[in-house]
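Shown next: input-v3.txt, given as compact mmCIF, C-alpha atoms and all ligand atoms.
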# COMPACT_ATOMS: atom_id res chain seq x y z
CA MET A 1 56.05 87.37 36.85
CA THR A 2 59.13 85.36 37.66
CA THR A 3 58.92 81.70 38.47
CA PRO A 4 61.31 80.26 41.04
CA ALA A 5 64.00 78.23 39.30
CA GLU A 6 62.91 74.96 40.91
CA GLU A 7 59.38 75.34 39.52
CA ARG A 8 60.49 75.91 35.96
CA PRO A 9 59.55 73.18 33.53
CA ARG A 10 62.82 71.68 32.39
CA THR A 11 61.93 71.13 28.76
CA ALA A 12 64.08 72.04 25.79
CA LEU A 13 63.47 71.82 22.06
CA VAL A 14 66.32 71.75 19.56
CA VAL A 15 65.28 72.52 15.97
CA VAL A 16 67.70 71.88 13.10
CA ALA A 17 67.53 71.14 9.39
CA HIS A 18 69.38 67.82 9.09
CA PRO A 19 70.48 64.74 11.01
CA ASP A 20 73.89 65.55 12.65
CA ASP A 21 73.41 69.36 12.64
CA ALA A 22 72.47 69.32 16.32
CA GLU A 23 75.45 67.21 17.36
CA PHE A 24 77.83 69.64 15.66
CA GLY A 25 76.17 72.77 16.98
CA CYS A 26 75.07 71.79 20.47
CA GLY A 27 75.81 68.11 21.14
CA GLY A 28 77.71 68.83 24.35
CA THR A 29 75.01 71.23 25.50
CA MET A 30 72.19 68.75 24.89
CA ALA A 31 74.08 66.08 26.83
CA ALA A 32 74.81 68.53 29.67
CA TRP A 33 71.19 69.61 29.94
CA ALA A 34 69.97 65.99 29.83
CA ARG A 35 72.35 65.19 32.71
CA GLU A 36 70.86 68.09 34.65
CA GLY A 37 67.41 66.56 34.24
CA TRP A 38 66.14 68.51 31.26
CA GLU A 39 63.84 66.73 28.85
CA VAL A 40 65.38 67.49 25.48
CA THR A 41 63.44 66.90 22.27
CA LEU A 42 65.23 67.12 18.94
CA VAL A 43 63.26 68.23 15.89
CA VAL A 44 64.87 67.52 12.50
CA CYS A 45 63.03 69.46 9.80
CA THR A 46 64.09 67.51 6.69
CA ASP A 47 64.12 63.81 5.82
CA GLY A 48 67.88 63.83 5.19
CA GLY A 49 67.32 62.25 1.77
CA SER A 50 69.92 64.38 -0.04
CA GLY A 51 72.80 63.17 2.12
CA GLY A 52 74.34 60.73 -0.35
CA PRO A 53 77.72 61.10 -2.08
CA ASP A 54 78.08 64.24 -4.23
CA ASP A 55 79.00 62.13 -7.29
CA ALA A 56 76.10 59.64 -7.00
CA THR A 57 74.33 58.79 -10.25
CA ASP A 58 71.24 57.10 -8.78
CA VAL A 59 69.42 59.93 -7.07
CA GLY A 60 65.90 58.57 -7.53
CA PRO A 61 63.17 58.23 -4.91
CA GLU A 62 64.30 54.74 -3.76
CA ALA A 63 67.88 55.85 -3.25
CA ARG A 64 66.69 58.93 -1.39
CA ARG A 65 64.52 56.83 0.88
CA ARG A 66 67.38 54.46 1.71
CA ILE A 67 69.62 57.38 2.63
CA SER A 68 66.86 59.00 4.64
CA ASP A 69 66.17 55.78 6.58
CA ARG A 70 69.83 55.27 7.35
CA ARG A 71 70.34 58.84 8.53
CA LYS A 72 67.27 58.65 10.75
CA ASP A 73 68.64 55.49 12.35
CA GLU A 74 71.97 57.24 12.88
CA GLN A 75 70.18 60.22 14.41
CA ARG A 76 68.17 58.03 16.79
CA ALA A 77 71.32 56.22 17.90
CA ALA A 78 73.07 59.54 18.50
CA ALA A 79 70.09 60.86 20.48
CA ALA A 80 70.21 57.81 22.75
CA ILE A 81 73.89 58.48 23.48
CA LEU A 82 73.15 62.14 24.26
CA GLY A 83 70.29 61.18 26.59
CA LEU A 84 67.57 62.97 24.62
CA LYS A 85 63.92 62.29 25.34
CA GLU A 86 62.86 61.92 21.71
CA VAL A 87 63.60 62.76 18.09
CA VAL A 88 60.90 64.11 15.79
CA PHE A 89 61.37 64.15 12.01
CA LEU A 90 59.20 66.67 10.21
CA ASP A 91 60.13 65.03 6.87
CA PHE A 92 60.32 68.10 4.66
CA ARG A 93 62.32 67.28 1.54
CA ASP A 94 66.05 67.64 2.16
CA GLY A 95 67.65 70.41 0.09
CA GLU A 96 64.38 72.23 -0.53
CA LEU A 97 63.49 73.53 2.91
CA GLU A 98 61.83 76.93 2.94
CA PRO A 99 60.77 79.15 5.84
CA SER A 100 57.17 78.44 4.91
CA LEU A 101 54.04 78.76 7.00
CA ALA A 102 53.77 74.97 6.85
CA LEU A 103 57.19 74.59 8.49
CA ARG A 104 56.44 77.33 11.02
CA ARG A 105 53.20 75.58 11.96
CA GLU A 106 54.96 72.25 12.59
CA ILE A 107 57.57 73.90 14.81
CA VAL A 108 54.81 75.72 16.72
CA ARG A 109 53.12 72.35 17.15
CA GLN A 110 56.28 70.91 18.73
CA ILE A 111 56.76 73.93 21.01
CA ARG A 112 53.20 73.72 22.26
CA ARG A 113 53.21 69.93 22.58
CA THR A 114 56.41 69.85 24.65
CA ARG A 115 55.77 73.18 26.46
CA ALA A 116 59.39 73.99 25.62
CA TYR A 117 61.02 76.39 28.05
CA ARG A 118 64.27 76.56 26.05
CA LEU A 119 64.60 76.46 22.30
CA VAL A 120 67.84 76.04 20.37
CA CYS A 121 67.98 76.79 16.65
CA GLN A 122 70.46 77.53 13.89
CA SER A 123 71.19 81.09 12.79
CA PRO A 124 69.20 82.77 10.01
CA ASP A 125 72.21 85.05 9.39
CA ARG A 126 75.26 84.36 7.30
CA VAL A 127 78.34 85.21 9.32
CA TRP A 128 81.49 85.66 7.23
CA THR A 129 84.01 86.41 9.96
CA PRO A 130 86.10 84.62 10.95
CA SER A 131 86.24 82.78 7.64
CA TYR A 132 83.63 80.06 8.03
CA ALA A 133 83.16 77.48 5.29
CA ILE A 134 80.22 78.05 2.97
CA GLY A 135 78.78 74.67 4.01
CA ARG A 136 77.68 76.33 7.16
CA PHE A 137 75.19 78.44 5.23
CA HIS A 138 73.21 75.58 3.75
CA PRO A 139 69.90 77.13 2.66
CA ASP A 140 68.08 74.48 4.70
CA HIS A 141 69.86 75.74 7.85
CA LEU A 142 68.82 79.32 7.15
CA ALA A 143 65.23 78.25 6.46
CA ALA A 144 64.98 76.10 9.60
CA ALA A 145 66.36 79.01 11.62
CA GLN A 146 64.01 81.59 10.16
CA ALA A 147 60.97 79.37 10.69
CA SER A 148 62.07 78.59 14.26
CA LEU A 149 62.36 82.26 15.21
CA ALA A 150 58.98 82.98 13.63
CA ALA A 151 57.49 80.05 15.53
CA VAL A 152 58.87 81.23 18.88
CA TYR A 153 57.43 84.69 18.46
CA PRO A 154 54.61 85.24 18.25
CA ALA A 155 52.93 82.10 16.93
CA ALA A 156 53.75 79.61 19.73
CA GLN A 157 52.45 81.92 22.45
CA ASN A 158 49.58 83.49 20.50
CA GLY A 159 46.39 81.46 20.22
CA TRP A 160 45.28 83.56 17.27
CA ASP A 161 48.08 82.15 15.14
CA PHE A 162 47.33 78.71 13.68
CA PRO A 163 43.90 78.41 15.32
CA GLU A 164 43.74 74.84 14.04
CA LEU A 165 46.38 73.92 16.63
CA LEU A 166 44.30 75.40 19.42
CA ALA A 167 41.36 73.39 18.11
CA GLU A 168 43.55 70.28 18.46
CA GLY A 169 44.06 71.11 22.12
CA LEU A 170 47.54 72.63 21.73
CA ALA A 171 47.34 75.69 23.96
CA PRO A 172 49.67 78.68 23.47
CA SER A 173 53.07 78.16 25.09
CA ARG A 174 55.83 80.69 25.59
CA VAL A 175 59.48 79.83 25.01
CA LYS A 176 61.43 81.64 27.73
CA GLU A 177 65.01 81.15 26.58
CA LEU A 178 66.24 81.14 23.00
CA PHE A 179 69.71 79.92 22.02
CA VAL A 180 70.93 80.59 18.47
CA ILE A 181 73.86 78.51 17.18
CA GLY A 182 76.44 80.35 15.07
CA ALA A 183 74.81 83.77 15.42
CA PRO A 184 76.71 86.95 14.54
CA HIS A 185 76.99 87.87 18.21
CA LEU A 186 77.74 85.05 20.62
CA ASN A 187 77.00 86.13 24.17
CA TYR A 188 76.65 82.83 25.99
CA ALA A 189 78.82 79.77 26.51
CA VAL A 190 77.84 76.35 27.78
CA ASP A 191 80.72 74.50 29.43
CA VAL A 192 80.89 71.16 27.62
CA SER A 193 84.14 69.95 29.20
CA GLU A 194 82.26 67.12 30.93
CA THR A 195 80.17 66.13 27.91
CA PHE A 196 82.53 66.67 25.01
CA GLU A 197 83.30 62.95 24.71
CA ILE A 198 79.56 62.23 24.59
CA LYS A 199 79.22 64.73 21.72
CA LEU A 200 82.01 62.92 19.85
CA ALA A 201 80.41 59.53 20.53
CA ALA A 202 77.11 60.85 19.16
CA LEU A 203 78.86 62.16 16.03
CA ARG A 204 80.40 58.71 15.51
CA CYS A 205 76.86 57.42 14.89
CA HIS A 206 76.69 59.52 11.71
CA VAL A 207 78.94 57.24 9.69
CA SER A 208 77.07 57.84 6.41
CA GLN A 209 78.05 61.51 6.54
CA LEU A 210 81.29 61.56 8.51
CA GLY A 211 82.89 58.17 7.85
CA GLU A 212 84.30 55.62 10.28
CA ASP A 213 87.52 57.41 11.14
CA GLN A 214 86.68 60.71 12.79
CA THR A 215 90.04 61.26 14.48
CA GLU A 216 90.86 64.43 12.55
CA LEU A 217 87.32 65.76 12.92
CA ALA A 218 87.45 65.20 16.68
CA ARG A 219 90.79 67.03 16.88
CA ARG A 220 89.39 70.04 15.03
CA LEU A 221 86.18 70.12 17.07
CA ARG A 222 88.17 70.05 20.30
CA GLU A 223 90.34 72.91 19.06
CA TRP A 224 87.26 74.99 18.16
CA ALA A 225 85.56 74.23 21.47
CA ALA A 226 88.68 75.46 23.28
CA GLU A 227 88.78 78.64 21.14
CA ARG A 228 85.11 79.31 21.79
CA GLY A 229 85.53 78.80 25.50
CA GLU A 230 88.52 81.08 25.90
CA PRO A 231 86.70 84.47 26.00
CA PHE A 232 84.32 83.01 28.58
CA GLY A 233 86.98 81.35 30.74
CA VAL A 234 85.63 77.88 29.96
CA PRO A 235 87.93 74.99 28.91
CA LEU A 236 85.62 73.61 26.20
CA ALA A 237 82.48 75.44 25.14
CA GLU A 238 79.60 75.58 22.72
CA THR A 239 78.53 79.17 22.18
CA PHE A 240 75.22 80.79 21.38
CA HIS A 241 73.38 84.04 21.15
CA ARG A 242 71.04 83.68 24.11
CA VAL A 243 68.00 85.88 24.53
CA GLU A 244 65.10 85.77 26.97
CA ASN A 245 61.54 86.12 25.81
ZN ZN A 301 72.89 70.50 7.90

Please go through the file and, once you have read it, give me the structure as structure tokens.
Amino acid sequence: MTTPAEERPRTALVVVAHPDDAEFGCGGTMAAWAREGWEVTLVVCTDGGSGGPDDATDVGPEARRRISDRRKDEQRAAAAILGLKEVVFLDFRDGELEPSLALRREIVRQIRRTRAYRLVCQSPDRVWTPSYAIGRFHPDHLAAAQASLAAVYPAAQNGWDFPELLAEGLAPSRVKELFVIGAPHLNYAVDVSETFEIKLAALRCHVSQLGEDQTELARRLREWAAERGEPFGVPLAETFHRVEN
């Protein structure tokens, strides 16, 4: 059964591993959808507590908590700039994320709670061409992606999976459109020409990770957005593998 476009619930869920992942992968898209009236919820799977300097010597629980708190504040500020409805932190330990049933259950919970029509996630595949940096394949990204895909199908739409959620009143809910960031085959481009500056402004909130001066980063991101848009005839794009469910 097809639903007329105007009757579709305009709800989107973006699931990523860390604070700032979503801005890099789909910041312009989130801002564009929010402008179109979509209610966008961002789910960050980890607590971000491993995001301190690589050469830090104090890596104890207190230091982790301080970093986590700061990154969450940065993420909330960025979400406000992008026009998101809310940010949810699942608080799994940063650096140790696994595609566990526990993670899958929490993503299912968010899909059912928001009745997400669209879901955006990272890619569970390592793509080596063109030559992407290894940082892209953070194991947390792969785990968040794998758990997200498992949550979309079948668990979110099947009441028999995680019956405890049904008992909580979270009825099965079917994600209709899936967008995978950085997938091996990118078949869909979102024109972010109008929202690219908003993406950059959101990234500027993540000072703890990206520093104060993001001039060079912004230049590179603009260059990549132009490259990604070219095959689709779009000036600046974020690209995805999009599939309907
Ligand atoms: Zn990340």

Rank A:Ala171, A:Leu101, A:Val87, A:Ala133 by their smallest atom-to-atom distance to Glu74 in chain A, using all atoms listed in the file, and report the top residue only.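 Looking at the shortest contact to Glu74 in chain A, the residue is A:Val87.
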
With ligand ZN 301 (chain A) as the partner and 8 Å as the cut-off, tabulate the residues of chain A that qualify, each row holding the nearest pair of atoms and their distance in Å to one decimal, using only C-alpha atoms and all ligand atoms, sorted by chain and rising number, as a tab-separated table.
residue	atom	partner	partner_atom	distance
A:Val16	CA	A:ZN301	ZN	7.5
A:Ala17	CA	A:ZN301	ZN	5.6
A:His18	CA	A:ZN301	ZN	4.6
A:Pro19	CA	A:ZN301	ZN	7.0
A:Asp20	CA	A:ZN301	ZN	6.9
A:Asp21	CA	A:ZN301	ZN	4.9
A:Arg136	CA	A:ZN301	ZN	7.6
A:His138	CA	A:ZN301	ZN	6.6
A:Asp140	CA	A:ZN301	ZN	7.0
A:His141	CA	A:ZN301	ZN	6.1

*What does the distance between CA of Asp55 in chain A and CA of Cys26 in chain A come to in Å, to one decimal place?*
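Interatomic distance here is 29.7 Å.
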
| If you measure from CA of Asp91 in chain A to CA of Leu149 in chain A, what distance in Å do you get, rounded to one decimal? |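 Value for the CA of Asp91 in chain A-CA of Leu149 in chain A distance: 19.3 Å.
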
Once 3 Å is added on each side, what centre and edge lengths in Å to one decimal does the axis-aligned box around all listed atoms of range 72-79 of chain A have, as lines of an AutoDock Vina configuration file?
center_x = 70.2
center_y = 58.2
center_z = 15.6
size_x = 11.8
size_y = 11.4
size_z = 15.7

A straight line from CA of Cys121 in chain A to CA of Val180 in chain A spans 5.1 Å

Might you pull out every residue within 8 Å of His206 in chain A, with all atoms listed in the file counted and same-chain residues fewer than 4 positions away left off, and present them as an mmCIF file with C-alpha atoms, in the frame of the given file?
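Result file follows (around36.cif):
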data_model
loop_
_atom_site.group_PDB
_atom_site.id
_atom_site.type_symbol
_atom_site.label_atom_id
_atom_site.label_comp_id
_atom_site.auth_asym_id
_atom_site.auth_seq_id
_atom_site.Cartn_x
_atom_site.Cartn_y
_atom_site.Cartn_z
ATOM 1 C CA ASP A 20 73.890 65.550 12.650
ATOM 2 C CA ARG A 71 70.340 58.840 8.530
ATOM 3 C CA GLU A 74 71.970 57.240 12.880
ATOM 4 C CA GLN A 75 70.180 60.220 14.410
ATOM 5 C CA ALA A 78 73.070 59.540 18.500
ATOM 6 C CA ALA A 202 77.110 60.850 19.160
ATOM 7 C CA LEU A 210 81.290 61.560 8.510
ATOM 8 C CA GLY A 211 82.890 58.170 7.850
#

At a cut-off of 7 Å, using all atoms listed in the file, what residues contact Ile198 in chain A? Leave out same-chain residues fewer than 2 positions from it and give the result as a PDB file with C-alpha atoms, in the frame of the given file.
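Dumped everything to around-v4.pdb:
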ATOM      1  CA  GLY A  28      77.710  68.830  24.350  1.00  0.00           C
ATOM      2  CA  ILE A  81      73.890  58.480  23.480  1.00  0.00           C
ATOM      3  CA  LEU A  82      73.150  62.140  24.260  1.00  0.00           C
ATOM      4  CA  THR A 195      80.170  66.130  27.910  1.00  0.00           C
ATOM      5  CA  PHE A 196      82.530  66.670  25.010  1.00  0.00           C
ATOM      6  CA  LEU A 200      82.010  62.920  19.850  1.00  0.00           C
ATOM      7  CA  ALA A 201      80.410  59.530  20.530  1.00  0.00           C
ATOM      8  CA  ALA A 202      77.110  60.850  19.160  1.00  0.00           C
TER       9      ALA A 202
END

(Q) Please determine, counting all atoms listed in the file, which residue among A:Gly135, A:Pro172, A:Gly182, A:Pro61 has the shortest atom-to-atom distance to Tyr153 in chain A. (A)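 Selected residue with least distance to Tyr153 in chain A: A:Pro172.
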
- request: Fewer than 4 positions away in the same chain doesn't count, so skip those; otherwise give me all residues within 7 Å of range 185-189 of chain A, counting only C-alpha atoms, as an MDAnalysis selection string.
  value: chainID A and resid 229 232 237:242

**OP:** Taking the point (63.5, 67.0, 26.6) as given in the file, collect each protein or nucleic acid residue that comes within 10 Å of it, counting only C-alpha atoms, and present the set as a list in words.
**Re:**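 Residues with an atom at most 10 Å from (63.5, 67.0, 26.6): Arg10, Thr11, Ala12, Leu13, Val14, Met30, Trp33, Ala34, Gly37, Trp38, Glu39, Val40, Thr41, Leu42, Gly83, Leu84, Lys85, Glu86, Val87, Thr114, Arg115, Ala116, Tyr117 and Arg118 of chain A.
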
Please write the residues from the selection above to a file, keeping C-alpha atoms, as a PDB file, keeping the file's coordinate frame.
ATOM      1  CA  ARG A  10      62.820  71.680  32.390  1.00  0.00           C
ATOM      2  CA  THR A  11      61.930  71.130  28.760  1.00  0.00           C
ATOM      3  CA  ALA A  12      64.080  72.040  25.790  1.00  0.00           C
ATOM      4  CA  LEU A  13      63.470  71.820  22.060  1.00  0.00           C
ATOM      5  CA  VAL A  14      66.320  71.750  19.560  1.00  0.00           C
ATOM      6  CA  MET A  30      72.190  68.750  24.890  1.00  0.00           C
ATOM      7  CA  TRP A  33      71.190  69.610  29.940  1.00  0.00           C
ATOM      8  CA  ALA A  34      69.970  65.990  29.830  1.00  0.00           C
ATOM      9  CA  GLY A  37      67.410  66.560  34.240  1.00  0.00           C
ATOM     10  CA  TRP A  38      66.140  68.510  31.260  1.00  0.00           C
ATOM     11  CA  GLU A  39      63.840  66.730  28.850  1.00  0.00           C
ATOM     12  CA  VAL A  40      65.380  67.490  25.480  1.00  0.00           C
ATOM     13  CA  THR A  41      63.440  66.900  22.270  1.00  0.00           C
ATOM     14  CA  LEU A  42      65.230  67.120  18.940  1.00  0.00           C
ATOM     15  CA  GLY A  83      70.290  61.180  26.590  1.00  0.00           C
ATOM     16  CA  LEU A  84      67.570  62.970  24.620  1.00  0.00           C
ATOM     17  CA  LYS A  85      63.920  62.290  25.340  1.00  0.00           C
ATOM     18  CA  GLU A  86      62.860  61.920  21.710  1.00  0.00           C
ATOM     19  CA  VAL A  87      63.600  62.760  18.090  1.00  0.00           C
ATOM     20  CA  THR A 114      56.410  69.850  24.650  1.00  0.00           C
ATOM     21  CA  ARG A 115      55.770  73.180  26.460  1.00  0.00           C
ATOM     22  CA  ALA A 116      59.390  73.990  25.620  1.00  0.00           C
ATOM     23  CA  TYR A 117      61.020  76.390  28.050  1.00  0.00           C
ATOM     24  CA  ARG A 118      64.270  76.560  26.050  1.00  0.00           C
TER      25      ARG A 118
END

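Within the 10 Å cut-off around range 218-223 of chain A, using only C-alpha atoms and omitting residues fewer than 4 positions from it on the same chain, the listed residues are Phe24, Ser193, Phe196, Glu197, Lys199, Leu200, Ala201, Leu203, Arg204, Asp213, Gln214, Glu227, Arg228, Gly229, Pro235, Leu236 and Ala237 of chain A.
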
For Ser173 in chain A, list every protein, DNA or RNA residue within 6 Å, evaluated using only C-alpha atoms, and leave out those in the same chain fewer than 6 positions away; present the list as a PDB file with C-alpha atoms, keeping the file's coordinate frame.
ATOM      1  CA  ARG A 112      53.200  73.720  22.260  1.00  0.00           C
ATOM      2  CA  ARG A 115      55.770  73.180  26.460  1.00  0.00           C
ATOM      3  CA  ALA A 156      53.750  79.610  19.730  1.00  0.00           C
ATOM      4  CA  GLN A 157      52.450  81.920  22.450  1.00  0.00           C
TER       5      GLN A 157
END

Neighbours of point (65.0, 64.1, 8.6) within 7 Å, using only C-alpha atoms, written as a PyMOL selection string = chain A and resi 18-19+44-48+68+72+89-91

Measuring between all atoms listed in the file, which one of A:Ala80, A:Val175, A:Leu97, A:Cys205 shows the shortest distance to Ala31 in chain A?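 Going through A:Ala80, A:Val175, A:Leu97, A:Cys205 one by one, the smallest distance to Ala31 in chain A is for A:Ala80.
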
Quiz prompt | Counting only C-alpha atoms, the residue of A:Glu23, A:Glu106, A:Glu244, A:Glu177 that sits nearest Ala79 in chain A | solution =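 Going through A:Glu23, A:Glu106, A:Glu244, A:Glu177 one by one, the smallest distance to Ala79 in chain A is for A:Glu23.
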
Q.
Please determine, counting all atoms listed in the file, which residue among A:Asp191, A:Ala143, A:Arg174, A:Trp224 has the shortest atom-to-atom distance to Asn245 in chain A.
A.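 The shortest atom-to-atom distance to Asn245 in chain A comes from A:Arg174.
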
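Each of A:Thr57, A:Gln122, A:Thr215, A:Gln146 was checked against Pro99 in chain A using only C-alpha atoms; the smallest atom-to-atom distance is that of A:Gln146.
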
Some atoms are missing, so please complete range 147-169 of chain A with N, CA and C atoms and return it as a CSV table (one decimal), keeping the file's coordinate frame.
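Once written, selection13.csv looks like this:
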chain,number,residue,atom,x,y,z
A,147,ALA,N,62.3,79.9,10.3
A,147,ALA,CA,61.0,79.4,10.7
A,147,ALA,C,60.9,79.2,12.2
A,148,SER,N,62.0,78.8,12.8
A,148,SER,CA,62.1,78.6,14.3
A,148,SER,C,61.8,79.9,15.0
A,149,LEU,N,62.5,81.0,14.5
A,149,LEU,CA,62.4,82.3,15.2
A,149,LEU,C,60.9,82.8,15.0
A,150,ALA,N,60.4,82.6,13.9
A,150,ALA,CA,59.0,83.0,13.6
A,150,ALA,C,58.0,82.2,14.5
A,151,ALA,N,58.4,80.9,14.7
A,151,ALA,CA,57.5,80.0,15.5
A,151,ALA,C,57.5,80.5,17.0
A,152,VAL,N,58.7,80.8,17.5
A,152,VAL,CA,58.9,81.2,18.9
A,152,VAL,C,58.0,82.5,19.2
A,153,TYR,N,58.2,83.5,18.3
A,153,TYR,CA,57.4,84.7,18.5
A,153,TYR,C,56.9,85.2,17.2
A,154,PRO,N,55.5,85.4,17.1
A,154,PRO,CA,54.6,85.2,18.2
A,154,PRO,C,53.8,83.9,18.2
A,155,ALA,N,54.0,83.1,17.2
A,155,ALA,CA,52.9,82.1,16.9
A,155,ALA,C,52.8,81.1,18.1
A,156,ALA,N,53.9,80.7,18.7
A,156,ALA,CA,53.8,79.6,19.7
A,156,ALA,C,52.9,80.1,20.9
A,157,GLN,N,53.1,81.4,21.2
A,157,GLN,CA,52.4,81.9,22.4
A,157,GLN,C,51.2,82.7,22.2
A,158,ASN,N,50.8,82.7,20.9
A,158,ASN,CA,49.6,83.5,20.5
A,158,ASN,C,48.5,82.6,19.9
A,159,GLY,N,47.4,82.4,20.7
A,159,GLY,CA,46.4,81.5,20.2
A,159,GLY,C,45.7,81.8,18.9
A,160,TRP,N,45.9,83.1,18.5
A,160,TRP,CA,45.3,83.6,17.3
A,160,TRP,C,46.0,83.1,16.1
A,161,ASP,N,47.3,82.7,16.3
A,161,ASP,CA,48.1,82.2,15.1
A,161,ASP,C,47.8,80.6,15.1
A,162,PHE,N,47.6,80.1,13.9
A,162,PHE,CA,47.3,78.7,13.7
A,162,PHE,C,46.2,78.2,14.6
A,163,PRO,N,45.0,78.8,14.4
A,163,PRO,CA,43.9,78.4,15.3
A,163,PRO,C,43.6,76.9,15.2
A,164,GLU,N,44.0,76.3,14.1
A,164,GLU,CA,43.7,74.8,14.0
A,164,GLU,C,44.5,74.1,15.1
A,165,LEU,N,45.6,74.6,15.6
A,165,LEU,CA,46.4,73.9,16.6
A,165,LEU,C,45.6,74.0,18.0
A,166,LEU,N,45.1,75.2,18.2
A,166,LEU,CA,44.3,75.4,19.4
A,166,LEU,C,43.1,74.4,19.4
A,167,ALA,N,42.5,74.3,18.2
A,167,ALA,CA,41.4,73.4,18.1
A,167,ALA,C,41.8,71.9,18.4
A,168,GLU,N,43.0,71.6,18.2
A,168,GLU,CA,43.6,70.3,18.5
A,168,GLU,C,43.9,70.1,19.9
A,169,GLY,N,43.8,71.2,20.7
A,169,GLY,CA,44.1,71.1,22.1
A,169,GLY,C,45.5,71.6,22.5
